>>> print(open('protein.txt').read())   # compact mmCIF, C-alpha atoms and all ligand atoms
# COMPACT_ATOMS: atom_id res chain seq x y z
CA MET G 1 3.80 161.83 34.97
CA ALA G 2 5.13 165.40 35.13
CA GLN G 3 3.45 167.99 32.93
CA THR G 4 5.64 169.25 30.07
CA TYR G 5 5.76 172.63 28.34
CA GLN G 6 7.24 173.96 25.14
CA ILE G 7 10.15 176.38 25.45
CA THR G 8 11.16 178.65 22.56
CA VAL G 9 14.66 180.17 22.59
CA ASP G 10 14.92 183.56 20.86
CA PRO G 11 16.66 184.72 18.73
CA ILE G 12 17.76 181.29 17.45
CA GLY G 13 14.20 179.94 17.35
CA ALA G 14 15.07 176.58 18.94
CA GLU G 15 12.11 174.72 20.45
CA ILE G 16 12.49 172.21 23.23
CA THR G 17 10.32 170.40 25.75
CA CYS G 18 10.74 171.01 29.49
CA ARG G 19 9.11 169.22 32.42
CA GLU G 20 7.45 171.33 35.10
CA ASP G 21 9.97 170.01 37.66
CA GLN G 22 13.01 170.60 35.41
CA THR G 23 14.97 173.83 35.11
CA ILE G 24 14.82 175.45 31.69
CA LEU G 25 18.63 175.47 31.56
CA ASP G 26 18.73 171.73 32.14
CA ALA G 27 16.17 171.12 29.38
CA CYS G 28 18.12 173.31 26.92
CA LEU G 29 21.52 171.75 27.65
CA ARG G 30 20.17 168.19 27.54
CA ALA G 31 18.57 168.98 24.16
CA GLY G 32 21.94 170.24 22.89
CA VAL G 33 20.80 173.88 22.79
CA TRP G 34 23.67 175.87 24.29
CA VAL G 35 22.63 178.93 26.28
CA PRO G 36 24.91 181.07 28.50
CA HIS G 37 25.46 179.73 32.01
CA CYS G 38 28.24 179.47 34.55
CA CYS G 39 27.58 178.39 38.16
CA THR G 40 24.26 176.53 37.54
CA HIS G 41 23.28 177.29 41.16
CA GLY G 42 21.48 180.65 40.96
CA THR G 43 24.45 182.70 42.11
CA CYS G 44 26.42 184.29 39.25
CA GLY G 45 23.62 185.74 37.08
CA THR G 46 25.19 184.58 33.81
CA CYS G 47 22.04 182.71 32.74
CA LYS G 48 19.74 185.72 33.23
CA VAL G 49 17.26 186.10 30.35
CA GLU G 50 14.12 188.00 29.54
CA VAL G 51 10.88 186.01 29.46
CA LEU G 52 8.93 187.32 26.45
CA ASP G 53 5.91 185.12 26.97
CA GLY G 54 4.71 182.62 29.59
CA GLU G 55 5.06 182.02 33.32
CA VAL G 56 8.01 180.63 35.29
CA ASP G 57 8.72 179.74 38.90
CA HIS G 58 12.03 181.43 39.90
CA GLY G 59 12.93 178.55 42.24
CA ALA G 60 16.05 179.03 44.36
CA SER G 61 17.42 182.10 42.53
CA SER G 62 19.38 184.20 45.00
CA ALA G 63 18.01 187.67 45.73
CA PHE G 64 21.45 189.03 44.77
CA ALA G 65 21.68 187.36 41.35
CA LEU G 66 18.03 188.12 40.49
CA MET G 67 16.72 191.20 42.25
CA ASP G 68 13.02 191.86 42.89
CA ILE G 69 12.95 194.67 40.33
CA GLU G 70 14.37 192.29 37.71
CA ARG G 71 11.71 189.70 38.52
CA ASP G 72 9.09 192.42 38.03
CA GLU G 73 10.66 193.27 34.67
CA GLY G 74 10.21 189.68 33.46
CA LYS G 75 13.79 188.50 33.95
CA THR G 76 14.63 185.04 35.23
CA LEU G 77 17.62 182.78 35.88
CA LEU G 78 17.43 179.78 33.57
CA CYS G 79 19.36 177.55 35.99
CA CYS G 80 16.64 177.96 38.64
CA ALA G 81 13.47 178.68 36.62
CA THR G 82 10.93 175.94 35.99
CA PRO G 83 8.06 176.50 33.53
CA ARG G 84 4.44 177.00 34.57
CA SER G 85 3.23 177.37 30.95
CA ASP G 86 4.77 177.37 27.48
CA VAL G 87 7.59 179.92 27.61
CA VAL G 88 9.39 182.12 25.07
CA PHE G 89 12.63 183.70 26.30
CA GLU G 90 15.33 185.83 24.74
CA ALA G 91 18.94 184.99 25.56
CA ASP G 92 22.08 186.93 24.82
CA ILE G 93 23.67 184.24 22.68
CA ASP G 94 26.77 185.73 21.10
CA ALA G 95 28.15 184.38 17.87
CA ASP G 96 31.04 182.64 19.62
CA ASP G 97 31.81 179.72 17.36
CA GLU G 98 33.71 178.11 20.21
CA ALA G 99 30.78 177.68 22.59
CA PRO G 100 30.83 174.12 23.94
CA ALA G 101 28.53 171.80 22.02
CA HIS G 102 28.28 168.66 24.13
CA ALA G 103 24.80 167.86 25.39
CA VAL G 104 24.44 167.37 29.13
CA GLU G 105 23.77 163.77 30.14
CA ASP G 106 23.67 161.69 33.32
CA TYR G 107 26.65 159.45 34.08
CA ALA G 108 27.43 156.84 36.71
CA GLY G 109 30.94 155.93 37.78
CA THR G 110 33.18 154.41 40.43
CA ILE G 111 35.75 156.18 42.58
CA VAL G 112 39.09 154.59 41.61
CA SER G 113 41.50 156.74 43.59
CA ILE G 114 41.61 159.43 46.28
CA GLU G 115 44.93 161.13 46.87
CA GLU G 116 46.00 163.86 49.30
CA VAL G 117 47.91 166.26 47.03
CA ALA G 118 48.25 169.37 49.23
CA VAL G 119 46.88 170.87 52.41
CA ASP G 120 43.10 170.35 52.37
CA THR G 121 43.23 169.29 48.73
CA ARG G 122 42.38 165.91 47.26
CA ARG G 123 42.65 164.46 43.79
CA VAL G 124 39.67 162.19 43.18
CA VAL G 125 39.50 160.01 40.08
CA VAL G 126 36.22 158.61 38.77
CA GLU G 127 36.00 155.82 36.20
CA LEU G 128 32.78 156.35 34.26
CA ASP G 129 30.64 153.45 33.06
CA ARG G 130 30.67 154.91 29.55
CA ASP G 131 32.54 157.55 27.51
CA ILE G 132 31.91 161.27 27.85
CA THR G 133 32.90 164.11 25.54
CA PHE G 134 33.68 167.53 26.98
CA ASP G 135 35.72 170.65 26.31
CA ALA G 136 38.76 171.39 28.45
CA GLY G 137 37.63 173.68 31.28
CA GLN G 138 34.11 172.29 31.71
CA TYR G 139 32.72 170.78 34.89
CA MET G 140 30.34 168.12 36.22
CA ALA G 141 27.57 168.35 38.80
CA TRP G 142 28.08 165.70 41.49
CA GLN G 143 24.91 164.31 42.98
CA ILE G 144 25.20 164.28 46.78
CA PRO G 145 23.68 161.07 48.20
CA ALA G 146 20.28 162.00 49.66
CA ALA G 147 21.14 160.44 53.04
CA ARG G 148 23.87 163.07 53.49
CA VAL G 149 21.51 165.99 52.97
CA GLY G 150 18.59 165.00 55.15
CA GLY G 151 16.93 162.91 52.44
CA ALA G 152 16.80 165.76 49.92
CA ALA G 153 17.03 164.59 46.31
CA GLY G 154 18.82 166.51 43.58
CA VAL G 155 21.36 168.37 45.74
CA THR G 156 24.52 168.86 43.65
CA ARG G 157 27.97 170.42 43.82
CA THR G 158 30.09 171.29 40.82
CA TYR G 159 33.68 170.20 40.18
CA SER G 160 35.84 170.81 37.11
CA MET G 161 37.63 168.11 35.17
CA ALA G 162 41.43 168.37 35.43
CA ASN G 163 42.25 165.75 32.81
CA ALA G 164 42.58 166.18 29.06
CA PRO G 165 39.32 165.66 27.13
CA SER G 166 40.95 162.80 25.19
CA GLU G 167 40.52 160.71 28.35
CA ARG G 168 36.86 159.86 28.03
CA ARG G 169 36.30 157.36 30.82
CA ARG G 170 38.63 158.50 33.56
CA LEU G 171 37.78 161.91 35.04
CA GLU G 172 40.17 163.61 37.44
CA PHE G 173 38.85 166.14 39.97
CA GLN G 174 40.82 168.33 42.38
CA ILE G 175 38.70 169.15 45.41
CA ARG G 176 39.46 171.59 48.19
CA ARG G 177 37.98 171.24 51.65
CA THR G 178 35.55 174.01 52.58
CA SER G 179 35.14 174.01 56.33
CA GLY G 180 31.58 173.01 57.21
CA GLY G 181 30.83 172.20 53.55
CA VAL G 182 28.30 169.45 52.85
CA CYS G 183 30.10 167.90 49.90
CA SER G 184 33.79 168.59 50.52
CA ASP G 185 34.13 168.52 54.32
CA GLY G 186 31.23 166.15 54.91
CA TRP G 187 31.82 163.64 52.12
CA VAL G 188 34.97 163.96 49.99
CA PHE G 189 37.14 164.61 53.09
CA GLY G 190 34.90 162.37 55.19
CA ASP G 191 34.17 158.78 54.27
CA LEU G 192 34.13 158.88 50.47
CA ALA G 193 35.99 155.68 49.58
CA VAL G 194 37.56 153.93 46.61
CA GLY G 195 34.95 151.64 45.08
CA GLU G 196 32.01 153.93 45.94
CA ARG G 197 29.52 154.52 43.14
CA VAL G 198 28.78 158.15 42.20
CA SER G 199 26.27 159.92 39.93
CA LEU G 200 27.32 162.91 37.88
CA ALA G 201 25.73 165.09 35.20
CA GLY G 202 27.44 167.26 32.63
CA PRO G 203 29.46 168.62 30.99
CA TYR G 204 28.57 172.22 31.97
CA GLY G 205 30.15 175.64 31.60
CA ARG G 206 31.70 177.96 29.06
CA PHE G 207 35.12 178.40 30.67
CA THR G 208 36.86 176.63 27.81
CA VAL G 209 40.13 177.11 26.01
CA ARG G 210 39.77 178.96 22.70
CA MET G 211 41.47 176.63 20.23
CA GLY G 212 40.79 179.12 17.43
CA ARG G 213 42.93 181.86 19.03
CA ARG G 214 46.67 181.73 18.33
CA ASP G 215 47.40 184.62 20.71
CA PRO G 216 49.54 183.71 23.72
CA ALA G 217 47.51 182.85 26.81
CA VAL G 218 48.11 183.89 30.39
CA MET G 219 46.44 181.50 32.83
CA ILE G 220 46.02 182.38 36.51
CA ALA G 221 44.91 179.73 39.00
CA GLY G 222 44.25 180.02 42.73
CA GLY G 223 43.96 176.83 44.81
CA THR G 224 41.90 174.15 43.04
CA GLY G 225 41.13 176.75 40.37
CA LEU G 226 44.03 174.91 38.80
CA ALA G 227 41.74 172.00 37.80
CA PRO G 228 40.08 173.41 34.64
CA ILE G 229 43.29 175.22 33.70
CA ALA G 230 45.27 171.97 33.99
CA SER G 231 42.74 170.41 31.61
CA MET G 232 43.24 173.27 29.14
CA ILE G 233 47.03 172.99 29.30
CA LYS G 234 46.89 169.22 28.72
CA ARG G 235 44.39 169.82 25.90
CA VAL G 236 46.78 172.13 24.09
CA LEU G 237 50.15 170.54 24.86
CA GLN G 238 49.22 166.84 24.90
CA ASP G 239 46.14 166.37 22.72
CA GLY G 240 47.37 168.80 19.99
CA ALA G 241 45.24 170.44 17.30
CA ASP G 242 41.47 169.95 17.38
CA ASP G 243 39.36 168.27 14.69
CA ALA G 244 39.33 171.53 12.71
CA GLY G 245 43.15 171.62 12.80
CA ARG G 246 43.27 174.55 15.26
CA PRO G 247 46.34 174.31 17.51
CA GLY G 248 45.23 176.71 20.28
CA PRO G 249 47.39 179.38 21.96
CA SER G 250 50.91 179.81 20.57
CA LYS G 251 52.27 180.04 24.12
CA ILE G 252 50.89 179.51 27.63
CA LEU G 253 52.06 181.30 30.78
CA LEU G 254 50.76 179.55 33.90
CA TYR G 255 50.68 181.44 37.21
CA GLN G 256 49.69 179.09 40.04
CA GLY G 257 49.04 180.79 43.36
CA ALA G 258 49.07 179.39 46.89
CA ARG G 259 50.10 180.52 50.35
CA SER G 260 52.97 178.08 50.67
CA ARG G 261 54.51 175.07 48.98
CA ALA G 262 52.40 172.84 51.24
CA ALA G 263 49.31 174.19 49.47
CA LEU G 264 50.73 173.87 45.94
CA TYR G 265 50.42 170.66 43.97
CA ASP G 266 51.47 169.14 40.64
CA VAL G 267 54.53 171.42 40.65
CA GLU G 268 56.83 168.71 39.28
CA GLU G 269 54.36 167.83 36.53
CA PHE G 270 54.20 171.44 35.30
CA ARG G 271 57.92 171.89 35.63
CA ALA G 272 58.44 168.81 33.46
CA LEU G 273 55.97 170.17 30.90
CA ALA G 274 57.90 173.47 30.82
CA GLU G 275 61.14 171.57 30.17
CA ARG G 276 59.49 169.55 27.41
CA HIS G 277 57.92 172.63 25.75
CA PRO G 278 60.39 175.49 26.44
CA GLU G 279 59.03 177.62 23.58
CA ARG G 280 55.40 177.07 24.39
CA PHE G 281 54.93 176.77 28.15
CA VAL G 282 56.19 178.93 31.04
CA TYR G 283 55.42 177.94 34.63
CA ARG G 284 55.40 180.37 37.60
CA PRO G 285 54.39 178.92 40.98
CA CYS G 286 53.70 181.87 43.35
CA LEU G 287 53.92 181.79 47.14
CA SER G 288 52.12 184.54 49.02
CA GLU G 289 53.07 183.61 52.61
CA GLU G 290 56.33 181.65 52.34
CA GLU G 291 59.73 183.16 51.85
CA VAL G 292 61.15 182.52 48.40
CA THR G 293 64.81 181.74 49.06
CA PRO G 294 67.42 182.10 46.28
CA GLU G 295 67.25 178.32 45.93
CA LEU G 296 63.48 178.46 45.31
CA ALA G 297 63.81 181.45 43.00
CA VAL G 298 66.11 179.40 40.78
CA GLN G 299 63.26 176.88 40.49
CA ALA G 300 61.00 179.67 39.07
CA TYR G 301 59.12 180.25 42.36
CA ALA G 302 57.95 183.83 42.75
CA ALA G 303 57.12 185.67 45.98
CA GLY G 304 53.78 187.40 46.49
CA LEU G 305 50.15 187.20 45.54
CA VAL G 306 49.72 185.65 42.12
CA THR G 307 48.24 188.90 40.80
CA ASP G 308 51.22 190.94 42.03
CA VAL G 309 53.62 188.51 40.38
CA VAL G 310 51.75 188.84 37.06
CA ALA G 311 51.85 192.63 37.39
CA GLY G 312 55.59 192.55 38.14
CA ASP G 313 56.38 190.25 35.20
CA HIS G 314 54.54 192.30 32.54
CA THR G 315 54.18 195.98 31.73
CA SER G 316 51.68 195.08 28.97
CA LEU G 317 49.72 191.95 28.12
CA ALA G 318 48.11 193.47 25.02
CA GLY G 319 47.57 190.76 22.42
CA HIS G 320 47.12 187.98 24.98
CA VAL G 321 44.01 186.06 25.98
CA ALA G 322 43.57 185.28 29.67
CA TYR G 323 41.96 182.52 31.70
CA LEU G 324 41.32 183.03 35.44
CA CYS G 325 39.99 180.51 37.90
CA GLY G 326 39.74 180.29 41.67
CA PRO G 327 38.03 182.01 44.59
CA PRO G 328 35.86 185.02 43.56
CA ALA G 329 38.16 187.55 45.31
CA MET G 330 41.19 186.27 43.42
CA VAL G 331 39.35 186.34 40.09
CA GLU G 332 38.28 189.93 40.63
CA ALA G 333 41.79 191.02 41.67
CA ALA G 334 43.20 189.29 38.59
CA MET G 335 40.68 191.08 36.35
CA LYS G 336 41.90 194.42 37.68
CA THR G 337 45.55 193.44 37.20
CA LEU G 338 44.99 192.26 33.64
CA MET G 339 43.01 195.35 32.69
CA SER G 340 45.78 197.52 34.10
CA ARG G 341 48.10 195.59 31.76
CA ARG G 342 45.97 196.50 28.71
CA LEU G 343 43.78 193.42 28.39
CA PHE G 344 40.11 193.98 27.51
CA PRO G 345 37.37 192.03 29.34
CA ARG G 346 36.38 190.35 26.06
CA ASP G 347 39.81 188.68 26.01
CA ILE G 348 39.49 187.38 29.57
CA ARG G 349 37.64 184.17 30.40
CA ARG G 350 37.01 183.42 34.05
CA GLU G 351 35.44 180.88 36.37
CA GLU G 352 34.72 181.79 39.98
CA PHE G 353 34.41 178.92 42.42
CA LEU G 354 31.20 180.23 43.96
CA ASP G 355 29.64 178.34 46.84
CA GLU G 356 26.61 178.46 49.13
CA SER G 357 28.05 181.34 51.15
CA ASN G 358 28.21 183.44 47.95
CA ARG G 359 24.65 182.48 47.07
CA HIS G 360 23.35 183.64 50.41
CA GLY G 361 25.79 186.51 50.96
CA GLY G 362 25.83 188.14 47.52
CA GLY G 363 28.66 190.61 46.99
CA LEU G 364 29.36 189.45 43.45
CA ARG G 365 28.39 192.52 41.52
CA SER G 366 31.76 193.81 40.47
CA PRO G 367 31.35 196.45 37.76
CA LEU G 368 34.29 194.79 36.03
CA ILE G 369 32.45 191.54 35.55
CA LYS G 370 29.79 191.54 32.87
CA ARG G 371 27.07 189.01 33.61
C1 LIG J 1 31.62 176.26 38.01
C2 LIG J 1 32.25 175.80 39.30
C3 LIG J 1 33.28 174.87 39.26
C4 LIG J 1 33.88 174.46 40.48
N1 LIG J 1 34.94 173.58 40.42
C5 LIG J 1 35.57 173.25 41.58
C6 LIG J 1 36.74 172.39 41.56
O1 LIG J 1 37.19 171.91 40.50
N2 LIG J 1 37.36 172.13 42.74
C7 LIG J 1 36.90 172.65 43.95
O2 LIG J 1 37.51 172.38 44.99
N3 LIG J 1 35.78 173.43 44.00
C8 LIG J 1 35.11 173.74 42.85
N4 LIG J 1 34.01 174.53 42.90
C9 LIG J 1 33.41 174.86 44.23
C10 LIG J 1 32.49 173.69 44.63
O3 LIG J 1 31.44 173.56 43.69
C11 LIG J 1 31.79 173.84 46.01
O4 LIG J 1 31.15 175.08 46.07
C12 LIG J 1 32.73 173.71 47.16
O5 LIG J 1 33.41 172.47 47.13
C13 LIG J 1 31.93 173.80 48.50
O6 LIG J 1 30.94 172.81 48.51
P1 LIG J 1 30.51 172.13 49.90
O7 LIG J 1 29.28 171.33 49.66
O8 LIG J 1 31.67 171.45 50.52
O9 LIG J 1 30.17 173.37 50.79
P2 LIG J 1 28.71 174.05 50.98
O10 LIG J 1 27.83 173.16 51.76
O11 LIG J 1 28.22 174.48 49.65
O12 LIG J 1 29.10 175.30 51.87
C14 LIG J 1 30.04 176.24 51.41
C15 LIG J 1 30.25 177.30 52.47
O13 LIG J 1 29.05 178.06 52.59
C16 LIG J 1 28.60 178.05 53.91
N5 LIG J 1 27.12 178.04 53.85
C17 LIG J 1 26.32 176.99 53.60
N6 LIG J 1 25.01 177.37 53.62
C18 LIG J 1 25.02 178.70 53.87
C19 LIG J 1 24.00 179.67 54.05
N7 LIG J 1 22.71 179.35 53.96
N8 LIG J 1 24.37 180.95 54.31
C20 LIG J 1 25.68 181.31 54.40
N9 LIG J 1 26.69 180.42 54.29
C21 LIG J 1 26.36 179.14 54.02
C22 LIG J 1 29.20 176.80 54.54
O14 LIG J 1 29.36 176.92 55.93
C23 LIG J 1 30.54 176.73 53.85
O15 LIG J 1 31.49 177.56 54.48
C24 LIG J 1 33.41 174.96 41.71
C25 LIG J 1 32.34 175.88 41.73
C26 LIG J 1 31.79 176.31 40.54
C27 LIG J 1 30.67 177.31 40.59
S1 LIG J 2 24.33 179.93 35.82
FE1 LIG J 2 22.43 180.61 36.56
S2 LIG J 2 22.96 182.03 38.09
FE2 LIG J 2 24.88 181.19 37.53
>>> encode(input="protein.txt", output="structure tokens", more="lines below")
Ligand SMILES: Cc1cc2nc3c(=O)[nH]c(=O)nc-3n(C[C@H](O)[C@H](O)[C@H](O)COP(=O)(O)OP(=O)(O)OC[C@H]3O[C@@H](n4cnc5c(N)ncnc54)[C@H](O)[C@@H]3O)c2cc1C
Ligand code: FES
Amino acid sequence: MAQTYQITVDPIGAEITCREDQTILDACLRAGVWVPHCCTHGTCGTCKVEVLDGEVDHGASSAFALMDIERDEGKTLLCCATPRSDVVFEADIDADDEAPAHAVEDYAGTIVSIEEVAVDTRRVVVELDRDITFDAGQYMAWQIPAARVGGAAGVTRTYSMANAPSERRRLEFQIRRTSGGVCSDGWVFGDLAVGERVSLAGPYGRFTVRMGRRDPAVMIAGGTGLAPIASMIKRVLQDGADDAGRPGPSKILLYQGARSRAALYDVEEFRALAERHPERFVYRPCLSEEEVTPELAVQAYAAGLVTDVVAGDHTSLAGHVAYLCGPPAMVEAAMKTLMSRRLFPRDIRREEFLDESNRHGGGLRSPLIKR
């Protein structure tokens, strides 16, 4: 049996037990103790904490997210660190009353549909064996079958739920093919089939819609970055007020970016939502490499990079909250655009779809992005 250690979380004083082969983040989230995290794969640096007492193994932390000097200073990444003794660490837990509160658990499910929705993009629906609770915008870690990764156990990839949280058994994922990728290219776009059993863990992440903020929201999605944003939109417009009676943003502006219409999906669904909620939802599909004819312009299509369209539509976004999701380069460009339109970083939530190339290549240290 694996050795266990006691972990103390400062400043909240929570005490949990962690196995020597378990990451400290995993132990915290499974015990219902929420600590900051984002990618869960040692890349973004969001889960960086200071170890006040005890020894940890830094595991697979990337040299970019946790530099040598930081290791020497006693810092560690909770999503990679495993304990080698009892540990006390100090986390920067802000008093955000809207931090997700659902404990991470393991789930099993069956693939019930796989649909080609756009170029290199699939909608995959999983029927879980039991209910899950999650906040709109959170994601699951998919366990990749060991046989596909040379027999290695515990290799995971993360995908965001695109459905409303009121659907507790049926989870929708929108997955983009990454050329040469183990999970997407090798499995989801390979021989993953309806009826196949899958193992998932979650829910993870803090990219969630703030139901307590009435301010209008601008949401910017690139590619399958639409998935968590679609969940948020459904949360607000379909599920309605939360248990505390909070209705969420007073208005939502969705900017969905893609190169061409062949790469855009769910356009009709969002257009129908905009017709149903004309006061509350505005939809702007943006095409960066396809001409927007007068006929397309009438249908609300805009020409250009999604960030340029946002900049052209607004001289000021003061008083808004923003949600950004997609490839890291798009998220950073959108940060710059929003800040130039008078939004502060504290009013911008973002999720970057980081992958293995980011973990090994670094380049994620934008001064705009506080980790
Ligand atoms: C919080 C979060 C939520 C996400 N949600 C979604 C979602 O809803 N939908 C979605 O489509 N994606 C999502 N992603 C991205 C997703 O998790 C995967 O990263 C993506 O699908 C690629 O996985 P893969 O196994 O196919 O590719 P990987 O095997 O991870 O490879 C990715 C790329 O890195 C390269 N690579 C691999 N190893 C190395 C190395 N050692 N050095 C340099 N390059 C290397 C590969 O050639 C490939 O080009 C999310 C990511 C995060 C962090
Ligand atoms: S959550 Fe640990 S590095 Fe991203």
>>> atom_distance(input="protein.txt", atom1="CA of Thr82 (chain G)", atom2="CA of Met161 (chain G)")
27.8 Å
>>> closest_residue(input="protein.txt", among="G:Arg123, G:Arg169, G:His314, G:Arg359", to="Gly42 (chain G)", atoms="all atoms listed in the file")
G:Arg359
>>> residues_near_point(input="protein.txt", point="(52.0, 183.6, 55.8)", cutoff="12 Å", atoms="all atoms listed in the file", output="MDAnalysis selection string")
chainID G and resid 258:263 287:292 303:305
>>> residues_near_ligand(input="protein.txt", ligand="ligand LIG 1 (chain J)", cutoff="8 Å", atoms="only C-alpha atoms and all ligand atoms", output="ChimeraX atom specification")
/G:38-41,121,138-140,157-162,173-187,204-205,223-228,351-361
>>> atom_distance(input="protein.txt", atom1="CA of Asp68 (chain G)", atom2="CA of Lys48 (chain G)")
13.3 Å
>>> atom_distance(input="protein.txt", atom1="CA of Gly32 (chain G)", atom2="CA of Arg246 (chain G)")
23.1 Å
>>> residues_around(input="protein.txt", residues="Gln143 (chain G)", least_positions_apart="3", cutoff="8 Å", atoms="all atoms listed in the file", output="list of chain:residue names")
G:Gly154, G:Val155, G:Thr156, G:Arg157, G:Val198, G:Ser199, G:Leu200, G:Ala201
>>> closest_residue(input="protein.txt", among="G:Glu127, G:Glu98, G:Glu167, G:Asp26", to="ligand LIG 2 (chain J)", atoms="all atoms listed in the file")
G:Asp26
>>> residues_near_point(input="protein.txt", point="(23.2, 183.5, 28.5)", cutoff="7 Å", atoms="only C-alpha atoms", output="PDB file with C-alpha atoms, in the coordinates of the input")
ATOM      1  CA  VAL G  35      22.630 178.930  26.280  1.00  0.00           C
ATOM      2  CA  PRO G  36      24.910 181.070  28.500  1.00  0.00           C
ATOM      3  CA  HIS G  37      25.460 179.730  32.010  1.00  0.00           C
ATOM      4  CA  THR G  46      25.190 184.580  33.810  1.00  0.00           C
ATOM      5  CA  CYS G  47      22.040 182.710  32.740  1.00  0.00           C
ATOM      6  CA  LYS G  48      19.740 185.720  33.230  1.00  0.00           C
ATOM      7  CA  VAL G  49      17.260 186.100  30.350  1.00  0.00           C
ATOM      8  CA  ALA G  91      18.940 184.990  25.560  1.00  0.00           C
ATOM      9  CA  ASP G  92      22.080 186.930  24.820  1.00  0.00           C
ATOM     10  CA  ILE G  93      23.670 184.240  22.680  1.00  0.00           C
TER      11      ILE G  93
END
>>> closest_residue(input="protein.txt", among="G:Leu264, G:Gly137, G:Met211, G:Leu25", to="Leu324 (chain G)", atoms="only C-alpha atoms")
G:Gly137
>>> closest_residue(input="protein.txt", among="G:Arg148, G:Arg206, G:Arg122, G:Arg170", to="ligand LIG 2 (chain J)", atoms="only C-alpha atoms and all ligand atoms")
G:Arg206
>>> residues_around(input="protein.txt", residues="Ala322 (chain G)", least_positions_apart="3", cutoff="9 Å", atoms="only C-alpha atoms", output="PyMOL selection string")
chain G and resi 216-220+338+343+347-350
>>> closest_residue(input="protein.txt", among="G:Cys325, G:Val56, G:Val310, G:Ala27", to="Ala230 (chain G)", atoms="only C-alpha atoms")
G:Cys325
>>> residues_around(input="protein.txt", residues="region 294-301 of chain G", least_positions_apart="3", cutoff="6 Å", atoms="all atoms listed in the file", output="mmCIF file with C-alpha atoms, in the coordinates of the input")
data_model
loop_
_atom_site.group_PDB
_atom_site.id
_atom_site.type_symbol
_atom_site.label_atom_id
_atom_site.label_comp_id
_atom_site.auth_asym_id
_atom_site.auth_seq_id
_atom_site.Cartn_x
_atom_site.Cartn_y
_atom_site.Cartn_z
ATOM 1 C CA ARG G 284 55.400 180.370 37.600
ATOM 2 C CA PRO G 285 54.390 178.920 40.980
ATOM 3 C CA CYS G 286 53.700 181.870 43.350
#
